[in-house]
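Data from run-v2.cif: mmCIF, C-alpha atoms
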data_start
#
loop_
_atom_site.label_atom_id
_atom_site.label_comp_id
_atom_site.auth_asym_id
_atom_site.auth_seq_id
_atom_site.Cartn_x
_atom_site.Cartn_y
_atom_site.Cartn_z
CA MET Y 6 64.26 105.77 113.70
CA ASN Y 7 68.05 105.74 113.97
CA ALA Y 8 69.97 102.88 115.56
CA ILE Y 9 73.16 105.00 115.72
CA GLU Y 10 73.53 108.76 116.02
CA VAL Y 11 76.98 110.38 116.11
CA GLU Y 12 77.57 114.13 116.31
CA HIS Y 13 80.97 115.88 116.26
CA LEU Y 14 82.72 112.80 117.66
CA ARG Y 15 86.40 113.20 118.52
CA LYS Y 16 88.96 110.88 120.12
CA GLU Y 17 92.47 112.00 121.03
CA PHE Y 18 95.35 109.97 122.45
CA LYS Y 19 98.39 111.33 124.27
CA VAL Y 20 101.44 109.57 122.83
CA HIS Y 21 104.96 109.66 124.26
CA LYS Y 22 107.47 111.28 121.90
CA SER Y 23 111.02 110.00 122.40
CA ARG Y 24 114.04 112.28 122.10
CA SER Y 25 116.85 111.18 119.82
CA GLY Y 26 120.28 110.00 120.95
CA LEU Y 27 121.69 108.77 124.27
CA VAL Y 28 121.34 112.13 125.98
CA GLY Y 29 117.73 112.30 124.83
CA ALA Y 30 117.07 108.84 126.27
CA PHE Y 31 118.41 109.95 129.68
CA ARG Y 32 116.31 113.11 129.58
CA ASP Y 33 113.22 110.97 128.85
CA LEU Y 34 113.79 109.19 132.16
CA TRP Y 35 113.10 112.45 134.03
CA THR Y 36 110.85 114.49 131.79
CA ARG Y 37 108.67 113.05 129.07
CA ARG Y 38 107.32 114.85 126.02
CA TYR Y 39 103.93 113.98 124.67
CA THR Y 40 102.15 114.66 121.41
CA LEU Y 41 98.42 114.64 120.85
CA VAL Y 42 97.18 112.22 118.17
CA ARG Y 43 93.64 112.72 116.89
CA ALA Y 44 92.41 109.25 115.87
CA VAL Y 45 88.83 110.39 115.16
CA ASP Y 46 88.36 114.00 114.15
CA ASP Y 47 84.91 115.62 114.42
CA ILE Y 48 82.78 113.03 112.59
CA SER Y 49 78.98 112.96 112.37
CA PHE Y 50 76.68 110.32 110.87
CA ALA Y 51 73.52 108.34 111.55
CA VAL Y 52 72.53 104.75 110.78
CA LYS Y 53 68.86 103.85 110.42
CA GLN Y 54 67.37 100.73 111.96
CA GLY Y 55 67.63 97.79 109.57
CA GLU Y 56 70.48 99.28 107.49
CA ILE Y 57 73.68 97.44 106.58
CA VAL Y 58 76.43 100.05 106.37
CA GLY Y 59 80.05 99.56 105.33
CA TYR Y 60 82.54 101.59 107.39
CA ILE Y 61 85.79 101.54 105.46
CA GLY Y 62 89.23 103.11 105.47
CA GLU Y 63 92.93 102.37 105.38
CA ASN Y 64 94.86 101.08 108.40
CA GLY Y 65 95.00 103.83 111.01
CA ALA Y 66 92.05 105.75 109.53
CA GLY Y 67 90.09 105.47 112.80
CA LYS Y 68 87.62 102.66 112.02
CA SER Y 69 88.30 100.45 115.02
CA THR Y 70 88.54 103.45 117.35
CA THR Y 71 85.06 104.52 116.23
CA ILE Y 72 83.65 101.02 116.78
CA LYS Y 73 85.19 100.90 120.27
CA MET Y 74 83.53 104.22 121.15
CA LEU Y 75 80.18 103.09 119.72
CA THR Y 76 80.32 99.89 121.77
CA GLY Y 77 81.38 101.67 124.99
CA ILE Y 78 84.90 100.25 125.14
CA LEU Y 79 86.49 103.70 124.70
CA THR Y 80 85.21 107.02 126.02
CA PRO Y 81 85.22 109.83 123.44
CA THR Y 82 87.21 113.00 124.03
CA SER Y 83 84.19 115.02 122.93
CA GLY Y 84 81.00 114.67 120.92
CA ARG Y 85 77.66 112.94 121.27
CA ILE Y 86 76.88 109.22 120.78
CA VAL Y 87 73.44 107.63 121.00
CA VAL Y 88 73.20 103.90 120.19
CA ASN Y 89 69.85 102.11 120.48
CA GLY Y 90 68.57 105.20 122.31
CA MET Y 91 71.29 105.02 124.98
CA ASN Y 92 74.65 106.52 125.82
CA PRO Y 93 77.05 103.53 125.59
CA HIS Y 94 79.19 104.83 128.48
CA LYS Y 95 76.49 105.84 130.97
CA GLU Y 96 74.02 102.94 130.66
CA ARG Y 97 76.60 100.21 130.25
CA GLU Y 98 74.83 97.15 131.65
CA LYS Y 99 71.54 97.81 129.87
CA PHE Y 100 73.32 98.86 126.67
CA VAL Y 101 75.44 95.72 126.16
CA ARG Y 102 72.27 93.58 126.03
CA THR Y 103 71.20 95.45 122.88
CA ILE Y 104 74.35 94.96 120.78
CA GLY Y 105 76.39 92.10 119.36
CA VAL Y 106 80.08 92.51 118.55
CA VAL Y 107 82.43 90.36 116.47
CA PHE Y 108 86.11 91.26 116.17
CA GLY Y 109 87.74 89.10 113.52
CA GLN Y 110 91.02 88.75 115.44
CA ARG Y 111 89.56 88.38 118.96
CA SER Y 112 87.42 85.62 120.43
CA GLN Y 113 84.55 85.70 122.91
CA LEU Y 114 84.49 81.89 123.12
CA TRP Y 115 86.33 79.95 125.81
CA TRP Y 116 89.26 78.15 124.21
CA ASP Y 117 89.26 74.81 126.06
CA ILE Y 118 85.55 74.05 126.45
CA ALA Y 119 82.92 72.90 123.97
CA VAL Y 120 81.24 75.54 121.84
CA GLN Y 121 77.81 74.91 123.35
CA GLU Y 122 79.24 75.39 126.87
CA SER Y 123 80.50 78.82 125.80
CA PHE Y 124 77.02 79.54 124.47
CA ARG Y 125 75.45 78.54 127.80
CA LEU Y 126 77.82 80.81 129.73
CA LEU Y 127 77.00 83.73 127.45
CA LYS Y 128 73.29 82.92 127.83
CA LYS Y 129 73.65 83.48 131.58
CA VAL Y 130 75.69 86.65 131.10
CA TYR Y 131 72.96 88.14 128.89
CA ARG Y 132 70.16 86.69 131.07
CA VAL Y 133 68.42 84.96 128.18
CA SER Y 134 65.55 82.66 129.15
CA ASP Y 135 65.64 78.98 128.19
CA GLU Y 136 62.67 79.40 125.87
CA GLN Y 137 64.17 82.42 124.07
CA TYR Y 138 67.50 80.63 123.76
CA ARG Y 139 66.00 77.45 122.26
CA ARG Y 140 63.79 79.31 119.81
CA HIS Y 141 66.30 81.89 118.57
CA MET Y 142 69.55 79.90 118.73
CA GLY Y 143 67.92 76.94 117.04
CA GLU Y 144 67.39 79.13 113.98
CA VAL Y 145 70.87 80.68 114.17
CA ILE Y 146 72.56 77.28 114.51
CA ASP Y 147 70.61 75.97 111.51
CA MET Y 148 71.38 79.02 109.36
CA LEU Y 149 75.10 78.88 110.19
CA GLU Y 150 75.20 75.06 109.95
CA ILE Y 151 77.21 74.70 113.16
CA GLY Y 152 75.21 71.86 114.75
CA PRO Y 153 78.05 69.29 114.34
CA LEU Y 154 80.52 71.74 115.95
CA LEU Y 155 78.69 72.33 119.24
CA ASP Y 156 80.41 69.48 121.15
CA LYS Y 157 83.92 70.37 119.95
CA PRO Y 158 86.38 72.48 121.98
CA VAL Y 159 86.99 75.86 120.36
CA ARG Y 160 90.73 75.13 120.01
CA LYS Y 161 89.93 72.26 117.63
CA LEU Y 162 87.92 74.35 115.19
CA SER Y 163 89.26 75.70 111.92
CA LEU Y 164 89.29 79.49 111.44
CA GLY Y 165 86.14 79.37 109.31
CA GLN Y 166 84.31 77.14 111.81
CA ARG Y 167 85.34 79.37 114.72
CA MET Y 168 84.15 82.52 112.94
CA ARG Y 169 80.71 81.00 112.35
CA CYS Y 170 80.54 80.12 116.05
CA GLU Y 171 81.68 83.66 116.97
CA LEU Y 172 78.79 85.06 114.95
CA ALA Y 173 76.35 82.75 116.71
CA ALA Y 174 77.77 83.77 120.11
CA ALA Y 175 77.26 87.46 119.29
CA LEU Y 176 73.58 86.73 118.51
CA ILE Y 177 72.62 84.68 121.58
CA HIS Y 178 70.54 87.57 122.99
CA ASN Y 179 69.14 88.47 119.52
CA PRO Y 180 70.51 92.05 119.54
CA PRO Y 181 68.94 94.62 117.20
CA LEU Y 182 72.41 95.98 116.33
CA LEU Y 183 75.50 94.05 115.24
CA PHE Y 184 79.04 95.46 114.97
CA LEU Y 185 81.39 93.46 112.74
CA ASP Y 186 85.10 94.33 112.63
CA GLU Y 187 86.90 92.32 109.89
CA PRO Y 188 84.58 89.27 110.25
CA THR Y 189 85.96 87.47 107.16
CA ILE Y 190 89.68 88.16 107.65
CA GLY Y 191 91.79 85.16 106.65
CA LEU Y 192 88.80 83.05 105.53
CA ASP Y 193 88.56 81.10 102.28
CA VAL Y 194 86.12 82.07 99.53
CA LEU Y 195 83.43 79.48 100.36
CA VAL Y 196 83.30 80.40 104.07
CA LYS Y 197 83.09 84.10 103.15
CA LEU Y 198 80.13 83.39 100.87
CA ASN Y 199 78.36 81.43 103.63
CA ILE Y 200 78.87 84.23 106.18
CA ARG Y 201 77.63 86.89 103.74
CA GLN Y 202 74.52 84.82 103.01
CA PHE Y 203 73.87 84.39 106.73
CA LEU Y 204 74.17 88.15 107.38
CA LYS Y 205 71.70 88.87 104.58
CA GLN Y 206 69.23 86.37 106.05
CA LEU Y 207 69.71 87.83 109.52
CA ASN Y 208 68.98 91.33 108.27
CA GLU Y 209 65.91 90.24 106.29
CA ARG Y 210 64.44 87.99 108.99
CA TYR Y 211 65.04 90.08 112.13
CA GLY Y 212 65.70 93.57 110.71
CA THR Y 213 69.11 93.54 112.40
CA THR Y 214 71.15 96.71 111.85
CA ILE Y 215 74.75 95.91 110.85
CA LEU Y 216 77.81 98.19 110.88
CA LEU Y 217 80.59 96.41 108.98
CA THR Y 218 84.25 97.40 108.90
CA THR Y 219 86.48 95.49 106.51
CA HIS Y 220 89.30 95.79 103.98
CA ASP Y 221 87.59 93.24 101.73
CA MET Y 222 85.59 95.25 99.20
CA SER Y 223 83.78 92.11 98.03
CA ASP Y 224 82.12 91.98 101.50
CA ILE Y 225 80.99 95.59 101.07
CA GLU Y 226 79.64 94.98 97.55
CA ALA Y 227 77.77 91.84 98.61
CA LEU Y 228 76.15 93.32 101.72
CA CYS Y 229 76.09 97.13 101.80
CA GLU Y 230 74.10 99.67 99.83
CA ARG Y 231 75.70 102.53 101.79
CA VAL Y 232 79.35 103.16 102.66
CA ILE Y 233 81.07 105.61 104.99
CA MET Y 234 84.72 106.25 104.10
CA LEU Y 235 87.18 107.43 106.71
CA ASP Y 236 90.62 108.96 106.10
CA GLU Y 237 92.90 110.26 108.87
CA GLY Y 238 90.00 110.34 111.29
CA LYS Y 239 87.66 112.33 109.02
CA ILE Y 240 84.69 111.18 106.94
CA ILE Y 241 85.46 111.81 103.26
CA TYR Y 242 82.39 110.09 101.80
CA ASP Y 243 79.00 109.03 103.12
CA GLY Y 244 76.52 107.74 100.57
CA SER Y 245 75.42 104.89 98.37
CA LEU Y 246 77.91 102.48 96.86
CA GLU Y 247 76.21 102.93 93.49
CA ARG Y 248 76.72 106.70 93.61
CA LEU Y 249 80.37 106.22 94.50
CA LYS Y 250 80.82 103.99 91.45
CA GLU Y 251 79.04 106.48 89.20
CA ARG Y 252 81.23 109.37 90.31
CA TRP Y 253 84.56 107.59 90.50
CA GLY Y 254 84.19 104.50 88.34
CA GLN Y 255 84.30 106.54 85.16
CA GLY Y 256 85.48 104.62 82.13
CA LYS Y 257 85.92 100.96 81.34
CA ARG Y 258 88.66 98.36 81.35
CA VAL Y 259 89.14 96.71 77.96
CA ALA Y 260 91.34 93.60 77.89
CA PHE Y 261 92.81 92.65 74.50
CA THR Y 262 94.35 89.25 73.81
CA PHE Y 263 96.65 89.68 70.80
CA ALA Y 264 97.57 86.90 68.37
CA GLU Y 265 101.17 88.17 68.39
CA ALA Y 266 103.33 90.09 70.84
CA VAL Y 267 102.95 93.90 70.82
CA THR Y 268 104.75 96.64 72.73
CA SER Y 269 103.50 99.37 75.02
CA ALA Y 270 104.98 102.04 72.74
CA PHE Y 271 103.04 100.64 69.76
CA LEU Y 272 99.74 100.66 71.69
CA GLN Y 273 100.30 104.18 73.00
CA GLN Y 274 100.96 105.39 69.45
CA LEU Y 275 97.88 103.54 68.20
CA THR Y 276 95.57 105.26 70.72
CA GLU Y 277 97.26 108.66 70.71
CA GLY Y 278 94.87 111.49 71.64
CA LEU Y 279 92.36 109.20 73.41
CA GLU Y 280 93.70 109.44 77.01
CA VAL Y 281 94.04 105.66 77.23
CA VAL Y 282 96.26 104.04 79.87
CA TRP Y 283 97.77 100.67 78.92
CA LYS Y 284 98.99 98.00 81.35
CA LYS Y 285 100.49 94.59 80.67
CA GLY Y 286 98.12 91.77 81.59
CA GLU Y 287 99.00 88.69 83.63
CA GLN Y 288 98.65 86.32 80.67
CA PRO Y 289 100.93 86.26 77.57
CA ASN Y 290 99.98 88.79 74.85
CA VAL Y 291 97.27 90.34 77.04
CA TRP Y 292 97.13 94.13 77.41
CA VAL Y 293 94.53 95.99 79.48
CA SER Y 294 93.45 99.53 78.59
CA HIS Y 295 91.69 101.95 80.93
CA VAL Y 296 89.38 103.87 78.61
CA PRO Y 297 87.36 107.04 79.45
CA SER Y 298 83.56 106.83 79.24
CA GLY Y 299 82.38 106.81 75.63
CA GLY Y 300 85.82 106.00 74.26
CA VAL Y 301 85.51 102.21 74.05
CA PRO Y 302 84.22 101.96 70.42
CA GLU Y 303 87.06 104.15 69.07
CA VAL Y 304 89.76 102.24 70.98
CA VAL Y 305 88.42 98.84 69.87
CA SER Y 306 88.11 100.09 66.29
CA ARG Y 307 91.70 101.35 66.14
CA VAL Y 308 93.21 98.25 67.73
CA ALA Y 309 91.15 95.80 65.64
CA ALA Y 310 92.07 97.62 62.42
CA ARG Y 311 95.82 97.22 63.01
CA CYS Y 312 96.18 94.01 65.06
CA ALA Y 313 95.14 90.36 64.93
CA LEU Y 314 93.06 89.66 68.05
CA GLN Y 315 92.08 86.45 69.80
CA ASP Y 316 89.74 87.97 72.39
CA ILE Y 317 88.31 91.26 73.70
CA ARG Y 318 86.74 91.67 77.14
CA ILE Y 319 85.14 94.81 78.57
CA HIS Y 320 84.85 95.27 82.36
CA GLU Y 321 83.66 97.89 84.83
CA VAL Y 322 86.38 99.42 87.01
CA PRO Y 323 86.53 97.27 90.22
CA THR Y 324 85.24 98.91 93.40
CA GLU Y 325 88.52 98.12 95.17
CA GLU Y 326 90.43 100.14 92.57
CA ILE Y 327 87.96 103.04 92.84
CA VAL Y 328 88.45 103.18 96.61
CA ARG Y 329 92.23 102.96 96.25
CA ASN Y 330 92.20 105.87 93.79
CA ILE Y 331 90.14 107.96 96.21
CA TYR Y 332 92.65 107.45 99.00
CA GLU Y 333 95.57 108.19 96.70
CA GLU Y 334 93.99 111.52 95.76
CA GLY Y 335 93.06 112.22 99.39
CA ALA Y 336 89.41 113.25 99.04
CA VAL Y 337 86.21 112.54 97.20
CA ARG Y 338 85.22 114.89 94.46
CA GLY Y 339 82.05 116.88 95.33
#

Starting from the file, give its structure as structure tokens.
Amino acid sequence: MNAIEVEHLRKEFKVHKSRSGLVGAFRDLWTRRYTLVRAVDDISFAVKQGEIVGYIGENGAGKSTTIKMLTGILTPTSGRIVVNGMNPHKEREKFVRTIGVVFGQRSQLWWDIAVQESFRLLKKVYRVSDEQYRRHMGEVIDMLEIGPLLDKPVRKLSLGQRMRCELAAALIHNPPLLFLDEPTIGLDVLVKLNIRQFLKQLNERYGTTILLTTHDMSDIEALCERVIMLDEGKIIYDGSLERLKERWGQGKRVAFTFAEAVTSAFLQQLTEGLEVVWKKGEQPNVWVSHVPSGGVPEVVSRVAARCALQDIRIHEVPTEEIVRNIYEEGAVRG
């Protein structure tokens, strides 16, 4: 069964277009010109119950607009949305009790009161019984390790502490579906790891469906087997992360640490005819080559035969670079 079903979804905004110059400014006072901006352009996808799906794209691609339509905040211009078997805009009160939402740059906690008081207020909003609250939130508080934070006002928490409390607040009513919009933005590495581990446990223990939007590809790699890529309001890829790597992560990165300084011209001449791209590394005497699949042995052989080497390291192409290359080219190859 699907937790989310989207068919031919479109969202358009009417944006004021200013005329240039002083005369244009005066004319705008009397008659305004508008242009139609299509933030989400005829997208369709489905998310199965229990899936963790990464929903990624550049700034302005339409990610947050989609999330706002799926959660009932925005009404679509056209198209069909069914979330947890309901229309988010027509069954609003019933619907909100079946979802949890965390926006990384917005808070649902009250700033000046203790965290647990915010939890109690949300408990009443969602009409959660005392027994359900004690049983479920006891587990969530333990998993997120926020017990010592419950008596502190939200304004006194660090960003990492607040984000863990935001996650707990979104789960007070134990929703089957969780929307996360940039949940790890601005957090340090350790806090990110803790949040990722918690989300994995949540998914395994309760079967919670998670739709994750983020610019941090390490979040996607750690949590998601499937990704949906959005560009200019259109879906340009929907499939497994592994398949994306196989199609676009062709080749390897080979990092050479030379005993003596070498030049780019020398390396290009050395690997002539092999379609190798050389880039200067961050460390002294380090050069990194992007080598096509199957070409690593020949490149290493040629370089080792002519140069004194201190180290050689072979890496897969990072997912972040693969995604960046896709957006630079504008579409995913069939």

Residues at most 10 Å from Arg37 of chain Y, counting all atoms listed in the file, excluding those fewer than 2 positions away in the same chain, as a short mmCIF file (atom, residue, chain, number, x, y, z; two decimals) with C-alpha atoms, keeping the file's coordinate frame?
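Ended up saving to selection05.cif:
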data_model
loop_
_atom_site.label_atom_id
_atom_site.label_comp_id
_atom_site.auth_asym_id
_atom_site.auth_seq_id
_atom_site.Cartn_x
_atom_site.Cartn_y
_atom_site.Cartn_z
CA HIS Y 21 104.96 109.66 124.26
CA LYS Y 22 107.47 111.28 121.90
CA SER Y 23 111.02 110.00 122.40
CA ARG Y 24 114.04 112.28 122.10
CA ALA Y 30 117.07 108.84 126.27
CA ARG Y 32 116.31 113.11 129.58
CA ASP Y 33 113.22 110.97 128.85
CA LEU Y 34 113.79 109.19 132.16
CA TRP Y 35 113.10 112.45 134.03
CA TYR Y 39 103.93 113.98 124.67
#

So that each row is one residue of segment 217-237 of chain Y with an atom at most 6 Å from segment 58-72 of chain Y, can you give its shortest atom pair and the distance in Å to one decimal, using only C-alpha atoms, rows by chain and rising number, as a tab-separated table?
residue	atom	partner	partner_atom	distance
Y:Leu217	CA	Y:Gly59	CA	4.9
Y:Thr218	CA	Y:Tyr60	CA	4.8
Y:Ile225	CA	Y:Gly59	CA	5.9
Y:Cys229	CA	Y:Val58	CA	5.4
Y:Arg231	CA	Y:Val58	CA	5.3
Y:Val232	CA	Y:Gly59	CA	4.5
Y:Ile233	CA	Y:Tyr60	CA	4.9
Y:Met234	CA	Y:Ile61	CA	5.0
Y:Leu235	CA	Y:Gly62	CA	4.9
Y:Asp236	CA	Y:Ala66	CA	4.9
Y:Glu237	CA	Y:Ala66	CA	4.6

Worksheet item: Which is closer to Phe124 of chain Y than all the others in Y:Met168, Y:Val305, Y:Leu149, Y:Leu155, using all atoms listed in the file?
Response: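 Of the candidates, the smallest distance to Phe124 of chain Y is held by Y:Leu155.
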
Item to complete: Specify as a PyMOL selection string each residue included when the PyMOL selection byres ((chain Y and resi 196-207) around 12) is applied to this file.
Response: chain Y and resi 55-57+141+144-151+163-173+176+179-185+187-195+208-217+221+223-229

Around (89.6, 100.1, 74.4) in the file's frame, which residues reach within 12 Å when counting only C-alpha atoms? Return as a CSV table (one decimal) with C-alpha atoms, keeping the file's coordinate frame?
chain,number,residue,atom,x,y,z
Y,256,GLY,CA,85.5,104.6,82.1
Y,257,LYS,CA,85.9,101.0,81.3
Y,258,ARG,CA,88.7,98.4,81.4
Y,259,VAL,CA,89.1,96.7,78.0
Y,260,ALA,CA,91.3,93.6,77.9
Y,261,PHE,CA,92.8,92.6,74.5
Y,262,THR,CA,94.4,89.2,73.8
Y,272,LEU,CA,99.7,100.7,71.7
Y,273,GLN,CA,100.3,104.2,73.0
Y,275,LEU,CA,97.9,103.5,68.2
Y,276,THR,CA,95.6,105.3,70.7
Y,279,LEU,CA,92.4,109.2,73.4
Y,280,GLU,CA,93.7,109.4,77.0
Y,281,VAL,CA,94.0,105.7,77.2
Y,282,VAL,CA,96.3,104.0,79.9
Y,283,TRP,CA,97.8,100.7,78.9
Y,284,LYS,CA,99.0,98.0,81.4
Y,292,TRP,CA,97.1,94.1,77.4
Y,293,VAL,CA,94.5,96.0,79.5
Y,294,SER,CA,93.4,99.5,78.6
Y,295,HIS,CA,91.7,102.0,80.9
Y,296,VAL,CA,89.4,103.9,78.6
Y,297,PRO,CA,87.4,107.0,79.4
Y,298,SER,CA,83.6,106.8,79.2
Y,299,GLY,CA,82.4,106.8,75.6
Y,300,GLY,CA,85.8,106.0,74.3
Y,301,VAL,CA,85.5,102.2,74.0
Y,302,PRO,CA,84.2,102.0,70.4
Y,303,GLU,CA,87.1,104.2,69.1
Y,304,VAL,CA,89.8,102.2,71.0
Y,305,VAL,CA,88.4,98.8,69.9
Y,306,SER,CA,88.1,100.1,66.3
Y,307,ARG,CA,91.7,101.4,66.1
Y,308,VAL,CA,93.2,98.2,67.7
Y,309,ALA,CA,91.2,95.8,65.6
Y,317,ILE,CA,88.3,91.3,73.7
Y,318,ARG,CA,86.7,91.7,77.1
Y,319,ILE,CA,85.1,94.8,78.6
Y,320,HIS,CA,84.8,95.3,82.4

Discussion item. I'd like the neighbourhood of Lys73 of chain Y as a list of chain:residue names, where a residue qualifies if any of its atoms comes within 10 Å (using all atoms listed in the file), though same-chain residues fewer than 6 positions away should be ignored.
Written reply: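 Residues near the query, excluding close chain neighbours: Y:Leu79, Y:Thr80, Y:Pro81, Y:Val106, Y:Phe184.
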
Please produce a file of the residues just selected, as a PDB file, in the coordinates of the input, where the atoms kept are C-alpha atoms.
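Written file, result31.pdb:
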ATOM      1  CA  LEU Y  79      86.490 103.700 124.700  1.00  0.00           C
ATOM      2  CA  THR Y  80      85.210 107.020 126.020  1.00  0.00           C
ATOM      3  CA  PRO Y  81      85.220 109.830 123.440  1.00  0.00           C
ATOM      4  CA  VAL Y 106      80.080  92.510 118.550  1.00  0.00           C
ATOM      5  CA  PHE Y 184      79.040  95.460 114.970  1.00  0.00           C
TER       6      PHE Y 184
END

Practice prompt. Would you mind reading off the distance between atom CA of Glu251 of chain Y and atom CA of Tyr332 of chain Y, one decimal, in Å?
Written response: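 Calculated distance between atom CA of Glu251 of chain Y and atom CA of Tyr332 of chain Y is 16.8 Å.
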
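What separates atom CA of Val11 of chain Y from atom CA of Asp47 of chain Y is a distance of 9.7 Å.
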
Discussion item. Measuring between all atoms listed in the file, which one of Y:Ser134, Y:His178, Y:Lys250, Y:Ser49 shows the shortest distance to Arg102 of chain Y?
Written reply: Y:His178
